[in-house]
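J.: Sharing upload04.txt here; it has compact mmCIF, C-alpha atoms and all ligand atoms.
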# COMPACT_ATOMS: atom_id res chain seq x y z
CA MET A 1098 -21.62 -7.54 13.91
CA PRO A 1099 -18.02 -7.04 14.99
CA TYR A 1100 -17.52 -3.42 13.89
CA THR A 1101 -18.86 -0.72 16.18
CA PHE A 1102 -18.97 3.02 15.65
CA PRO A 1103 -16.14 4.87 17.42
CA GLY A 1104 -18.37 6.87 19.76
CA ASP A 1105 -21.57 6.69 21.71
CA ILE A 1106 -23.94 6.03 18.84
CA SER A 1107 -24.67 2.81 17.01
CA VAL A 1108 -23.51 2.03 13.48
CA GLU A 1109 -27.20 1.92 12.46
CA THR A 1110 -27.89 5.42 13.80
CA PHE A 1111 -24.76 6.74 12.13
CA LEU A 1112 -25.71 5.22 8.77
CA GLN A 1113 -29.35 6.31 8.94
CA GLU A 1114 -28.85 9.85 10.18
CA TYR A 1115 -25.36 11.00 9.22
CA TRP A 1116 -23.57 8.97 6.54
CA GLN A 1117 -23.64 11.05 3.31
CA LYS A 1118 -26.14 13.38 4.97
CA LYS A 1119 -24.75 15.61 7.70
CA PRO A 1120 -21.63 16.30 9.77
CA LEU A 1121 -21.13 14.71 13.16
CA LEU A 1122 -18.70 15.66 15.89
CA ILE A 1123 -17.82 12.92 18.36
CA ARG A 1124 -15.87 13.99 21.40
CA ASN A 1125 -13.39 11.42 22.67
CA ALA A 1126 -14.19 8.89 19.92
CA PHE A 1127 -10.69 7.43 20.34
CA PRO A 1128 -9.68 7.88 23.99
CA GLY A 1129 -5.91 7.99 24.42
CA ILE A 1130 -5.24 7.69 20.68
CA GLN A 1131 -1.63 7.80 19.51
CA SER A 1132 -0.82 8.96 16.01
CA PRO A 1133 0.26 5.96 13.88
CA LEU A 1134 3.40 7.99 13.03
CA THR A 1135 5.41 10.56 14.98
CA PRO A 1136 6.05 13.91 13.24
CA ASP A 1137 9.60 12.74 12.40
CA GLU A 1138 8.37 9.45 10.97
CA LEU A 1139 5.79 11.31 8.87
CA ALA A 1140 8.53 13.61 7.54
CA GLY A 1141 10.65 10.50 6.79
CA LEU A 1142 7.78 8.91 4.85
CA ALA A 1143 7.20 12.19 2.96
CA CYS A 1144 10.78 11.89 1.63
CA GLU A 1145 10.29 8.39 0.18
CA ASP A 1146 10.07 8.25 -3.61
CA ASP A 1147 6.80 6.41 -3.77
CA ALA A 1148 5.03 8.41 -1.03
CA ASN A 1149 2.39 10.94 -1.92
CA SER A 1150 3.27 14.07 0.06
CA ARG A 1151 3.08 17.86 0.00
CA ILE A 1152 3.61 20.90 2.19
CA VAL A 1153 1.09 23.73 2.01
CA PHE A 1154 2.34 27.17 3.06
CA GLU A 1155 0.21 30.19 3.82
CA GLN A 1156 1.61 33.71 3.87
CA HIS A 1157 -1.00 35.23 6.10
CA GLU A 1158 -0.29 38.93 5.59
CA LEU A 1159 -0.30 38.58 1.81
CA GLY A 1160 -3.10 36.05 1.56
CA HIS A 1161 -0.75 33.87 -0.57
CA TRP A 1162 -0.79 30.08 -0.70
CA HIS A 1163 1.99 27.90 -2.01
CA VAL A 1164 2.40 24.10 -2.36
CA LEU A 1165 5.61 22.12 -2.40
CA HIS A 1166 4.96 18.68 -3.89
CA GLY A 1167 6.79 15.54 -2.75
CA PRO A 1168 8.84 13.49 -2.77
CA LEU A 1169 10.40 15.95 -0.33
CA ASN A 1170 13.98 15.93 0.86
CA GLU A 1171 15.83 16.87 4.04
CA ASP A 1172 16.54 20.39 2.77
CA ASP A 1173 12.81 21.04 2.42
CA PHE A 1174 12.50 20.47 6.17
CA SER A 1175 15.62 22.36 7.24
CA ASP A 1176 14.39 25.94 6.92
CA LEU A 1177 10.65 25.73 7.43
CA PRO A 1178 8.96 28.77 8.98
CA LYS A 1179 7.84 28.57 12.61
CA LYS A 1180 4.14 28.81 11.73
CA ASN A 1181 1.48 28.51 9.04
CA TRP A 1182 2.38 25.41 7.07
CA THR A 1183 1.05 21.85 6.90
CA LEU A 1184 2.75 18.62 5.84
CA LEU A 1185 0.27 16.13 4.34
CA VAL A 1186 0.93 12.51 3.35
CA THR A 1187 -1.81 10.44 1.68
CA ASP A 1188 -2.06 6.61 1.29
CA VAL A 1189 -0.19 6.18 4.59
CA GLU A 1190 -1.74 2.76 5.26
CA LYS A 1191 -0.06 1.40 2.11
CA HIS A 1192 3.38 2.23 3.49
CA VAL A 1193 2.80 1.67 7.19
CA PRO A 1194 0.91 -1.60 7.70
CA GLU A 1195 0.24 -0.82 11.42
CA ALA A 1196 -1.66 2.31 10.34
CA ARG A 1197 -4.33 -0.05 9.03
CA ASP A 1198 -5.44 -0.67 12.59
CA LEU A 1199 -7.03 2.78 12.60
CA PHE A 1200 -8.35 2.30 9.09
CA ASP A 1201 -9.95 -0.98 10.21
CA ARG A 1202 -12.07 0.83 12.82
CA PHE A 1203 -14.21 2.02 9.91
CA ARG A 1204 -15.10 -1.37 8.43
CA PHE A 1205 -18.77 -0.74 9.18
CA ILE A 1206 -18.52 0.91 5.75
CA PRO A 1207 -17.80 -1.68 2.98
CA ASP A 1208 -14.11 -2.07 2.11
CA TRP A 1209 -14.64 -1.11 -1.53
CA ARG A 1210 -15.63 2.40 -0.41
CA ILE A 1211 -12.52 2.98 1.70
CA ASP A 1212 -9.88 5.05 -0.03
CA ASP A 1213 -6.94 6.07 2.08
CA LEU A 1214 -5.51 7.32 5.33
CA MET A 1215 -3.99 10.78 5.15
CA ILE A 1216 -1.93 12.16 8.02
CA SER A 1217 -1.16 15.84 8.44
CA TYR A 1218 1.26 17.59 10.74
CA ALA A 1219 1.14 21.34 11.33
CA PRO A 1220 2.70 23.89 13.67
CA GLU A 1221 0.50 26.70 14.98
CA GLY A 1222 -1.50 28.37 12.21
CA GLY A 1223 -1.04 25.48 9.75
CA SER A 1224 -3.99 25.01 7.40
CA VAL A 1225 -4.86 24.02 3.85
CA GLY A 1226 -7.47 26.76 3.68
CA PRO A 1227 -11.25 26.57 3.52
CA HIS A 1228 -12.28 24.03 0.88
CA THR A 1229 -14.69 21.23 0.03
CA ASP A 1230 -13.92 17.58 -0.75
CA ALA A 1231 -15.89 15.25 -3.00
CA TYR A 1232 -15.47 12.39 -0.50
CA ASP A 1233 -16.72 11.41 2.93
CA VAL A 1234 -14.04 11.82 5.55
CA PHE A 1235 -13.49 11.10 9.24
CA LEU A 1236 -11.06 13.69 10.67
CA ILE A 1237 -9.43 12.34 13.81
CA GLN A 1238 -7.35 14.58 16.02
CA THR A 1239 -4.40 12.52 17.25
CA TYR A 1240 -2.12 15.20 18.71
CA GLY A 1241 -2.45 18.89 19.69
CA GLN A 1242 -5.52 20.95 18.91
CA ARG A 1243 -7.14 21.96 15.66
CA ARG A 1244 -9.98 24.41 15.23
CA TRP A 1245 -12.51 23.21 12.67
CA MET A 1246 -15.04 25.56 11.11
CA ILE A 1247 -17.64 24.20 8.75
CA ASN A 1248 -20.59 25.38 6.68
CA GLN A 1249 -23.06 23.49 4.52
CA ASP A 1250 -23.90 26.66 2.59
CA TYR A 1251 -21.04 28.27 0.77
CA ASN A 1252 -20.15 30.31 -2.24
CA ASP A 1253 -18.03 28.04 -4.45
CA SER A 1254 -15.82 30.70 -6.02
CA CYS A 1255 -12.14 29.93 -5.39
CA LEU A 1256 -9.06 32.10 -4.84
CA ASP A 1257 -7.05 32.98 -7.95
CA GLY A 1258 -3.30 32.58 -8.16
CA THR A 1259 -2.98 29.18 -6.46
CA GLU A 1260 -3.30 25.61 -7.66
CA LEU A 1261 -5.14 24.83 -4.41
CA ARG A 1262 -8.90 24.99 -4.47
CA ILE A 1263 -9.45 27.45 -1.64
CA LEU A 1264 -12.84 29.06 -1.12
CA GLU A 1265 -12.64 32.83 -1.53
CA HIS A 1266 -15.52 33.71 0.79
CA PHE A 1267 -15.82 31.32 3.70
CA THR A 1268 -17.93 31.97 6.78
CA ALA A 1269 -18.34 29.45 9.60
CA ALA A 1270 -21.75 28.11 10.61
CA GLU A 1271 -20.17 25.90 13.28
CA ASP A 1272 -16.86 26.23 15.03
CA TRP A 1273 -15.21 23.61 17.26
CA THR A 1274 -11.82 22.97 18.82
CA LEU A 1275 -10.84 19.30 18.49
CA ASP A 1276 -8.63 17.75 21.16
CA PRO A 1277 -6.75 14.45 20.80
CA GLY A 1278 -9.27 11.61 20.45
CA ASP A 1279 -12.03 13.83 19.03
CA MET A 1280 -13.40 13.03 15.58
CA LEU A 1281 -15.35 15.01 13.01
CA TYR A 1282 -17.26 13.21 10.24
CA LEU A 1283 -17.95 15.24 7.10
CA PRO A 1284 -20.06 14.07 4.17
CA PRO A 1285 -19.01 15.27 0.68
CA ASN A 1286 -19.31 18.93 -0.26
CA ILE A 1287 -19.29 20.57 3.14
CA ALA A 1288 -17.05 23.63 3.32
CA HIS A 1289 -14.47 23.07 6.04
CA TYR A 1290 -11.53 25.00 7.38
CA GLY A 1291 -9.12 23.49 9.92
CA ILE A 1292 -6.47 25.61 11.59
CA ALA A 1293 -3.82 24.21 13.94
CA LEU A 1294 -4.09 26.03 17.27
CA ASN A 1295 -0.75 24.56 18.30
CA GLU A 1296 1.55 21.82 16.99
CA CYS A 1297 -0.95 19.19 15.87
CA MET A 1298 -1.58 16.03 13.88
CA THR A 1299 -4.80 14.98 12.17
CA CYS A 1300 -5.66 11.64 10.57
CA SER A 1301 -8.18 11.69 7.71
CA VAL A 1302 -9.86 8.40 6.87
CA GLY A 1303 -11.23 9.08 3.39
CA PHE A 1304 -13.80 7.21 1.33
CA ARG A 1305 -13.89 6.76 -2.39
CA ALA A 1306 -17.00 7.38 -4.45
CA PRO A 1307 -16.32 6.63 -8.12
CA SER A 1308 -17.61 9.32 -10.46
CA ILE A 1309 -20.45 8.15 -12.70
CA SER A 1310 -18.63 9.43 -15.77
CA ASN A 1311 -15.52 7.41 -14.83
CA MET A 1312 -17.58 4.24 -14.24
CA VAL A 1313 -19.44 4.57 -17.54
CA SER A 1314 -16.25 5.17 -19.54
CA GLU A 1315 -14.38 2.33 -17.81
CA TYR A 1316 -17.28 -0.10 -18.23
CA ALA A 1317 -17.65 0.84 -21.90
CA GLU A 1318 -13.91 0.32 -22.38
CA HIS A 1319 -14.13 -3.08 -20.66
CA MET A 1320 -16.99 -4.11 -22.98
CA ALA A 1321 -15.18 -2.74 -26.04
CA ALA A 1322 -12.08 -4.82 -25.24
CA ALA A 1323 -14.14 -7.99 -25.74
CA ILE A 1324 -15.45 -7.04 -29.19
CA ASP A 1325 -13.76 -8.58 -32.22
CA GLN A 1326 -11.63 -5.82 -33.81
CA GLU A 1327 -12.52 -7.15 -37.27
CA LEU A 1328 -16.23 -6.46 -36.84
CA ARG A 1329 -17.20 -3.30 -38.72
CA TYR A 1330 -20.17 -1.34 -39.78
CA GLU A 1331 -21.64 -2.94 -42.95
CA ASP A 1332 -24.14 -1.64 -45.50
CA PRO A 1333 -24.51 -4.13 -48.39
CA ASP A 1334 -28.04 -2.81 -49.02
CA LEU A 1335 -26.89 0.80 -49.48
CA MET A 1336 -29.28 2.84 -51.67
CA ARG A 1337 -28.39 5.96 -53.60
CA GLN A 1338 -29.41 9.08 -51.66
CA GLN A 1339 -30.32 12.57 -52.84
CA ASN A 1340 -27.91 14.58 -50.62
CA PRO A 1341 -24.51 12.90 -50.27
CA ALA A 1342 -23.62 14.89 -47.14
CA GLU A 1343 -26.65 13.64 -45.24
CA ILE A 1344 -26.24 10.81 -42.70
CA GLY A 1345 -29.43 9.02 -43.55
CA PRO A 1346 -31.99 7.38 -41.25
CA ASP A 1347 -31.03 3.82 -42.31
CA ALA A 1348 -27.39 4.40 -41.28
CA LEU A 1349 -28.45 5.96 -37.98
CA LYS A 1350 -30.77 3.07 -37.19
CA ARG A 1351 -28.05 0.54 -37.91
CA ILE A 1352 -25.52 2.40 -35.74
CA ARG A 1353 -27.98 2.69 -32.88
CA THR A 1354 -28.62 -1.08 -32.98
CA LEU A 1355 -24.92 -1.94 -33.15
CA ILE A 1356 -24.03 0.20 -30.15
CA ALA A 1357 -27.07 -0.76 -28.06
CA GLU A 1358 -26.31 -4.47 -28.64
CA GLN A 1359 -22.77 -4.10 -27.35
CA LEU A 1360 -23.52 -1.83 -24.42
CA THR A 1361 -26.28 -3.82 -22.77
CA VAL A 1362 -25.43 -4.15 -19.08
CA ASP A 1363 -25.13 -7.85 -18.52
CA ASP A 1364 -24.98 -8.83 -14.83
CA ASP A 1365 -22.08 -11.26 -15.12
CA SER A 1366 -19.77 -8.91 -16.95
CA LEU A 1367 -20.86 -5.99 -14.77
CA LEU A 1368 -19.99 -7.69 -11.50
CA ARG A 1369 -16.65 -8.95 -12.76
CA TRP A 1370 -15.76 -5.53 -14.14
CA PHE A 1371 -16.89 -3.68 -11.01
CA GLY A 1372 -14.92 -5.94 -8.67
CA GLU A 1373 -11.79 -5.54 -10.78
CA PHE A 1374 -12.32 -1.78 -11.07
CA SER A 1375 -12.89 -1.37 -7.30
CA SER A 1376 -9.91 -3.46 -6.28
CA GLU A 1377 -7.45 -1.73 -8.61
CA VAL A 1378 -4.58 -0.08 -6.78
CA ARG A 1379 -4.37 3.53 -7.89
CA SER A 1380 -1.57 4.86 -5.73
CA GLY A 1381 1.28 3.76 -8.01
CA THR A 1382 2.85 1.37 -5.48
CA HIS A 1383 2.04 -2.25 -6.20
CA ALA A 1384 2.64 -5.51 -4.36
CA GLN A 1385 6.14 -6.93 -4.99
CA THR A 1386 6.81 -10.55 -5.95
CA PRO A 1387 8.70 -12.45 -3.21
CA ASP A 1388 12.36 -13.46 -3.62
CA ARG A 1389 11.49 -17.14 -3.68
CA LEU A 1390 8.49 -18.23 -5.73
CA ILE A 1391 6.49 -21.28 -4.76
CA SER A 1392 5.40 -23.80 -7.35
CA THR A 1393 3.48 -26.42 -5.43
CA TYR A 1394 1.12 -26.40 -2.53
CA LYS A 1395 3.47 -28.73 -0.69
CA ASP A 1396 6.24 -26.09 -0.95
CA LEU A 1397 3.90 -23.56 0.61
CA SER A 1398 2.89 -25.81 3.49
CA ALA A 1399 6.53 -26.73 4.06
CA SER A 1400 7.56 -23.11 4.43
CA PHE A 1401 5.58 -22.32 7.57
CA HIS A 1402 5.27 -23.54 11.14
CA ASN A 1403 2.42 -23.70 13.66
CA ASP A 1404 2.09 -20.00 14.38
CA SER A 1405 2.96 -18.62 10.93
CA ILE A 1406 0.65 -15.96 9.61
CA ILE A 1407 -0.56 -15.37 6.08
CA ALA A 1408 -1.17 -11.62 5.75
CA GLN A 1409 -2.57 -9.38 3.05
CA SER A 1410 0.10 -7.04 1.68
CA SER A 1411 -0.64 -3.49 2.83
CA LEU A 1412 -0.35 -2.52 -0.85
CA SER A 1413 -3.14 -4.90 -1.93
CA LYS A 1414 -6.88 -4.51 -1.97
CA PHE A 1415 -9.02 -7.63 -1.38
CA LEU A 1416 -12.77 -7.73 -2.15
CA PHE A 1417 -15.25 -10.40 -3.15
CA ILE A 1418 -18.69 -10.82 -4.71
CA ARG A 1419 -20.89 -13.84 -4.07
CA HIS A 1420 -21.48 -15.76 -7.25
CA ASN A 1421 -24.06 -18.54 -7.03
CA ASP A 1422 -22.60 -20.69 -4.20
CA ASP A 1423 -19.05 -19.60 -4.93
CA ALA A 1424 -17.28 -16.29 -4.99
CA LEU A 1425 -15.42 -14.00 -7.30
CA LEU A 1426 -12.40 -12.86 -5.35
CA PHE A 1427 -10.80 -9.61 -6.51
CA VAL A 1428 -7.25 -8.67 -5.65
CA ASP A 1429 -5.59 -5.58 -7.11
CA GLY A 1430 -7.74 -5.50 -10.23
CA THR A 1431 -7.64 -9.26 -11.00
CA SER A 1432 -10.54 -11.67 -10.45
CA TYR A 1433 -10.37 -15.30 -9.26
CA MET A 1434 -13.21 -17.80 -9.02
CA THR A 1435 -12.98 -19.39 -5.55
CA SER A 1436 -15.15 -21.07 -2.96
CA LEU A 1437 -17.14 -18.66 -0.80
CA ALA A 1438 -15.48 -19.96 2.37
CA PHE A 1439 -12.01 -19.28 0.96
CA ALA A 1440 -12.95 -15.75 -0.19
CA ILE A 1441 -14.34 -14.95 3.27
CA ALA A 1442 -11.33 -16.46 5.05
CA LEU A 1443 -8.93 -14.32 3.00
CA THR A 1444 -10.86 -11.08 3.32
CA ASP A 1445 -12.44 -11.05 6.80
CA ASN A 1446 -9.15 -10.25 8.50
CA ARG A 1447 -5.90 -9.03 7.08
CA GLU A 1448 -4.01 -11.76 8.94
CA ILE A 1449 -4.88 -15.41 9.26
CA ASN A 1450 -3.14 -18.40 10.82
CA ALA A 1451 -1.41 -20.16 7.92
CA GLN A 1452 -1.90 -23.67 9.27
CA GLN A 1453 -5.63 -23.17 9.83
CA LEU A 1454 -6.10 -21.63 6.39
CA VAL A 1455 -4.29 -24.43 4.61
CA GLU A 1456 -6.21 -27.09 6.55
CA SER A 1457 -9.53 -25.42 5.72
CA ILE A 1458 -8.97 -25.44 1.95
CA ASP A 1459 -10.53 -28.51 0.40
CA ASN A 1460 -10.18 -27.96 -3.32
CA GLU A 1461 -7.44 -27.56 -5.91
CA ALA A 1462 -8.74 -24.29 -7.44
CA ASP A 1463 -8.49 -22.43 -4.10
CA ARG A 1464 -5.02 -23.87 -3.54
CA GLN A 1465 -3.85 -22.55 -6.90
CA VAL A 1466 -5.27 -19.10 -6.12
CA LEU A 1467 -3.44 -19.10 -2.78
CA ILE A 1468 -0.15 -19.94 -4.53
CA GLU A 1469 -0.75 -17.27 -7.19
CA LEU A 1470 -1.54 -14.58 -4.60
CA TYR A 1471 1.59 -15.52 -2.68
CA ASN A 1472 3.74 -15.43 -5.84
CA ASN A 1473 2.26 -12.03 -6.79
CA GLY A 1474 3.18 -10.63 -3.38
CA CYS A 1475 -0.46 -9.89 -2.50
CA LEU A 1476 -0.21 -12.41 0.37
CA LEU A 1477 2.82 -12.52 2.63
CA LEU A 1478 3.99 -15.32 4.87
CA ARG A 1479 5.35 -14.41 8.27
C1 LIG A 1501 -5.64 18.66 7.31
O1 LIG A 1501 -5.48 17.59 7.89
O2 LIG A 1501 -4.99 19.67 7.60
C2 LIG A 1501 -6.64 18.85 6.21
C3 LIG A 1501 -7.63 17.79 6.08
C4 LIG A 1501 -8.79 18.22 5.21
O3 LIG A 1501 -9.25 19.32 5.29
O4 LIG A 1501 -9.32 17.44 4.39
CO CO A 1502 -10.69 18.52 3.36
Write the structure described by the file as structure tokens, please.
Ligand code: SIN
Ligand code: CO

T.:
Amino acid sequence: MPYTFPGDISVETFLQEYWQKKPLLIRNAFPGIQSPLTPDELAGLACEDDANSRIVFEQHELGHWHVLHGPLNEDDFSDLPKKNWTLLVTDVEKHVPEARDLFDRFRFIPDWRIDDLMISYAPEGGSVGPHTDAYDVFLIQTYGQRRWMINQDYNDSCLDGTELRILEHFTAAEDWTLDPGDMLYLPPNIAHYGIALNECMTCSVGFRAPSISNMVSEYAEHMAAAIDQELRYEDPDLMRQQNPAEIGPDALKRIRTLIAEQLTVDDDSLLRWFGEFSSEVRSGTHAQTPDRLISTYKDLSASFHNDSIIAQSSLSKFLFIRHNDDALLFVDGTSYMTSLAFAIALTDNREINAQQLVESIDNEADRQVLIELYNNGCLLLR
């Protein structure tokens, strides 16, 4: 098992005792950690059109909160107050491929659960207020100090007059100061309140848990898309009824059967749908097709040398599901039937030696998938 827990406990202990159950503070989980971005680089990213950024301001004396949504511009940074604000950028790993190195330290949790890397920068007093999140998160202090207060029990009423969901009555059950390298794991729905004690940066590695209502509606939509639009409710045996406004038992029975027949959860369609659903890119920035498309496998092999690398685009999400002896490979919401060995080779690491990969592929279907992923920009050649 290559992935270890960043700290003194084993992955097994973490999963059994803490994951989705209770908070865990690990001192010095990442000794000597450097933030993947400097404060200036983070501000630069926050100004890019396709970045997801915001600044949260708190006016302490008045108890007011205010959010400035990105994309931000230079003027937004020119007259910031000395204290009490936080710059937050989400989906950082999609824009900064190197940031995935930190992200990758959490691959003891399956890739389909990983959501994004958020980086925050705050001067003294910066905070987003006490709140809860619906997701699991690892909060890693990369620079300066942040005080974290948490409580499992909380009153969920929120402050009025702000679009932020800030708990109105927060009291701390535990209170820690995190130094660079320290990490706090929080399962969903724990009230937490982080305040920068001095200029500080925090990385949040967040996990996605699809809502049941979203999964049911998306699955039903997927099933509905496969039903012939011409098929309709039919009642050639209709009998006259006493009360015209009544929806009679025969109609109800027929409707129940029609819907139940279409909504049965069949394993094959479920796994294909779930892989496509989980690998969809939701951040709005998608892989870009390369300048020069490749039409044959020979063209591909001819365009690299001994130490060329084939790398996953940082904008793409790669997953697979075993299917009999083969695999369904999912990339950015599309599924491909491939050999199991090929699916593992493409997903185990984000980078792979091009020569070795090409030599290991022994069938035409995998070759075509490789060409398609390259032409879609999901795989890059370096
Ligand atoms: C922060 O980094 O300031 C906030 C992170 C969080 O509370 O989820
Ligand atoms: Co939070």

J.: Dump the neighbourhood of ligand CO 1502 (chain A) as an mmCIF file with C-alpha atoms, in the frame of the given file: all residues within 8 Å, distances computed on only C-alpha atoms and all ligand atoms.

T.:
data_model
loop_
_atom_site.group_PDB
_atom_site.id
_atom_site.type_symbol
_atom_site.label_atom_id
_atom_site.label_comp_id
_atom_site.auth_asym_id
_atom_site.auth_seq_id
_atom_site.Cartn_x
_atom_site.Cartn_y
_atom_site.Cartn_z
ATOM 1 C CA HIS A 1228 -12.280 24.030 0.880
ATOM 2 C CA THR A 1229 -14.690 21.230 0.030
ATOM 3 C CA ASP A 1230 -13.920 17.580 -0.750
ATOM 4 C CA VAL A 1234 -14.040 11.820 5.550
ATOM 5 C CA HIS A 1289 -14.470 23.070 6.040
ATOM 6 C CA TYR A 1290 -11.530 25.000 7.380
#

J.: List as a PyMOL selection string the protein and nucleic acid residues lying within 10 Å of ligand LIG 1501 (chain A), with all atoms listed in the file counted.

T.: chain A and resi 1153+1182-1186+1215-1219+1223-1230+1232-1238+1243+1245+1283+1288-1293+1297-1303

J.: Kindly save the residues from that selection, with C-alpha atoms included, as a PDB file, in the frame of the given file.

T.:
ATOM      1  CA  VAL A1153       1.090  23.730   2.010  1.00  0.00           C
ATOM      2  CA  TRP A1182       2.380  25.410   7.070  1.00  0.00           C
ATOM      3  CA  THR A1183       1.050  21.850   6.900  1.00  0.00           C
ATOM      4  CA  LEU A1184       2.750  18.620   5.840  1.00  0.00           C
ATOM      5  CA  LEU A1185       0.270  16.130   4.340  1.00  0.00           C
ATOM      6  CA  VAL A1186       0.930  12.510   3.350  1.00  0.00           C
ATOM      7  CA  MET A1215      -3.990  10.780   5.150  1.00  0.00           C
ATOM      8  CA  ILE A1216      -1.930  12.160   8.020  1.00  0.00           C
ATOM      9  CA  SER A1217      -1.160  15.840   8.440  1.00  0.00           C
ATOM     10  CA  TYR A1218       1.260  17.590  10.740  1.00  0.00           C
ATOM     11  CA  ALA A1219       1.140  21.340  11.330  1.00  0.00           C
ATOM     12  CA  GLY A1223      -1.040  25.480   9.750  1.00  0.00           C
ATOM     13  CA  SER A1224      -3.990  25.010   7.400  1.00  0.00           C
ATOM     14  CA  VAL A1225      -4.860  24.020   3.850  1.00  0.00           C
ATOM     15  CA  GLY A1226      -7.470  26.760   3.680  1.00  0.00           C
ATOM     16  CA  PRO A1227     -11.250  26.570   3.520  1.00  0.00           C
ATOM     17  CA  HIS A1228     -12.280  24.030   0.880  1.00  0.00           C
ATOM     18  CA  THR A1229     -14.690  21.230   0.030  1.00  0.00           C
ATOM     19  CA  ASP A1230     -13.920  17.580  -0.750  1.00  0.00           C
ATOM     20  CA  TYR A1232     -15.470  12.390  -0.500  1.00  0.00           C
ATOM     21  CA  ASP A1233     -16.720  11.410   2.930  1.00  0.00           C
ATOM     22  CA  VAL A1234     -14.040  11.820   5.550  1.00  0.00           C
ATOM     23  CA  PHE A1235     -13.490  11.100   9.240  1.00  0.00           C
ATOM     24  CA  LEU A1236     -11.060  13.690  10.670  1.00  0.00           C
ATOM     25  CA  ILE A1237      -9.430  12.340  13.810  1.00  0.00           C
ATOM     26  CA  GLN A1238      -7.350  14.580  16.020  1.00  0.00           C
ATOM     27  CA  ARG A1243      -7.140  21.960  15.660  1.00  0.00           C
ATOM     28  CA  TRP A1245     -12.510  23.210  12.670  1.00  0.00           C
ATOM     29  CA  LEU A1283     -17.950  15.240   7.100  1.00  0.00           C
ATOM     30  CA  ALA A1288     -17.050  23.630   3.320  1.00  0.00           C
ATOM     31  CA  HIS A1289     -14.470  23.070   6.040  1.00  0.00           C
ATOM     32  CA  TYR A1290     -11.530  25.000   7.380  1.00  0.00           C
ATOM     33  CA  GLY A1291      -9.120  23.490   9.920  1.00  0.00           C
ATOM     34  CA  ILE A1292      -6.470  25.610  11.590  1.00  0.00           C
ATOM     35  CA  ALA A1293      -3.820  24.210  13.940  1.00  0.00           C
ATOM     36  CA  CYS A1297      -0.950  19.190  15.870  1.00  0.00           C
ATOM     37  CA  MET A1298      -1.580  16.030  13.880  1.00  0.00           C
ATOM     38  CA  THR A1299      -4.800  14.980  12.170  1.00  0.00           C
ATOM     39  CA  CYS A1300      -5.660  11.640  10.570  1.00  0.00           C
ATOM     40  CA  SER A1301      -8.180  11.690   7.710  1.00  0.00           C
ATOM     41  CA  VAL A1302      -9.860   8.400   6.870  1.00  0.00           C
ATOM     42  CA  GLY A1303     -11.230   9.080   3.390  1.00  0.00           C
TER      43      GLY A1303
END

J.: What gap, in Å, lies between CA of Arg1447 (chain A) and CA of Leu1477 (chain A)?

T.: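 Separation between CA of Arg1447 (chain A) and CA of Leu1477 (chain A): 10.4 Å.
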
J.: Counting all atoms listed in the file, figure out which residue out of A:Ala1357, A:Ala1196, A:Leu1478, A:Leu1214 gets nearest to Asn1149 (chain A).

T.: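 Between A:Ala1357, A:Ala1196, A:Leu1478, A:Leu1214, the residue approaching Asn1149 (chain A) most closely is A:Leu1214.
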
J.: Kindly provide, as a list of chain:residue names, the polymer residues lying within 6 Å of (-0.7, -4.2, -3.8), counting only C-alpha atoms and using the coordinates exactly as they appear in the file.

T.: A:His1383, A:Ala1384, A:Leu1412, A:Ser1413, A:Cys1475

J.: Point out the residue among A:Glu1260, A:Asp1429, A:Asp1279, A:Asp1423 with the least atom-to-atom distance to Glu1377 (chain A), counting all atoms listed in the file.

T.: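 Closest to Glu1377 (chain A) of all the choices is A:Asp1429.
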
J.: Between CA of Asn1473 (chain A) and CA of Gln1385 (chain A), what is the distance in Å, rounded to a tenth?

T.: 6.7 Å

J.: Please return region 1409-1417 of chain A, rebuilt to N, CA and C atoms, as an mmCIF file, in the frame of the given file.

T.:
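Just written: part08.cif:
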data_model
loop_
_atom_site.group_PDB
_atom_site.id
_atom_site.type_symbol
_atom_site.label_atom_id
_atom_site.label_comp_id
_atom_site.auth_asym_id
_atom_site.auth_seq_id
_atom_site.Cartn_x
_atom_site.Cartn_y
_atom_site.Cartn_z
ATOM 1 N N GLN A 1409 -2.396 -10.162 4.272
ATOM 2 C CA GLN A 1409 -2.570 -9.380 3.050
ATOM 3 C C GLN A 1409 -1.448 -8.348 2.994
ATOM 4 N N SER A 1410 -0.879 -8.121 1.828
ATOM 5 C CA SER A 1410 0.100 -7.040 1.680
ATOM 6 C C SER A 1410 -0.631 -5.724 1.921
ATOM 7 N N SER A 1411 0.043 -4.766 2.580
ATOM 8 C CA SER A 1411 -0.640 -3.490 2.830
ATOM 9 C C SER A 1411 -0.836 -2.724 1.512
ATOM 10 N N LEU A 1412 -0.198 -3.203 0.439
ATOM 11 C CA LEU A 1412 -0.350 -2.520 -0.850
ATOM 12 C C LEU A 1412 -1.519 -3.101 -1.658
ATOM 13 N N SER A 1413 -2.114 -4.196 -1.155
ATOM 14 C CA SER A 1413 -3.140 -4.900 -1.930
ATOM 15 C C SER A 1413 -4.540 -4.605 -1.432
ATOM 16 N N LYS A 1414 -5.482 -4.690 -2.353
ATOM 17 C CA LYS A 1414 -6.880 -4.510 -1.970
ATOM 18 C C LYS A 1414 -7.637 -5.802 -2.278
ATOM 19 N N PHE A 1415 -8.280 -6.364 -1.268
ATOM 20 C CA PHE A 1415 -9.020 -7.630 -1.380
ATOM 21 C C PHE A 1415 -10.517 -7.359 -1.249
ATOM 22 N N LEU A 1416 -11.309 -7.854 -2.211
ATOM 23 C CA LEU A 1416 -12.770 -7.730 -2.150
ATOM 24 C C LEU A 1416 -13.356 -9.022 -2.695
ATOM 25 N N PHE A 1417 -14.622 -9.264 -2.463
ATOM 26 C CA PHE A 1417 -15.250 -10.400 -3.150
ATOM 27 C C PHE A 1417 -16.717 -10.122 -3.429
#
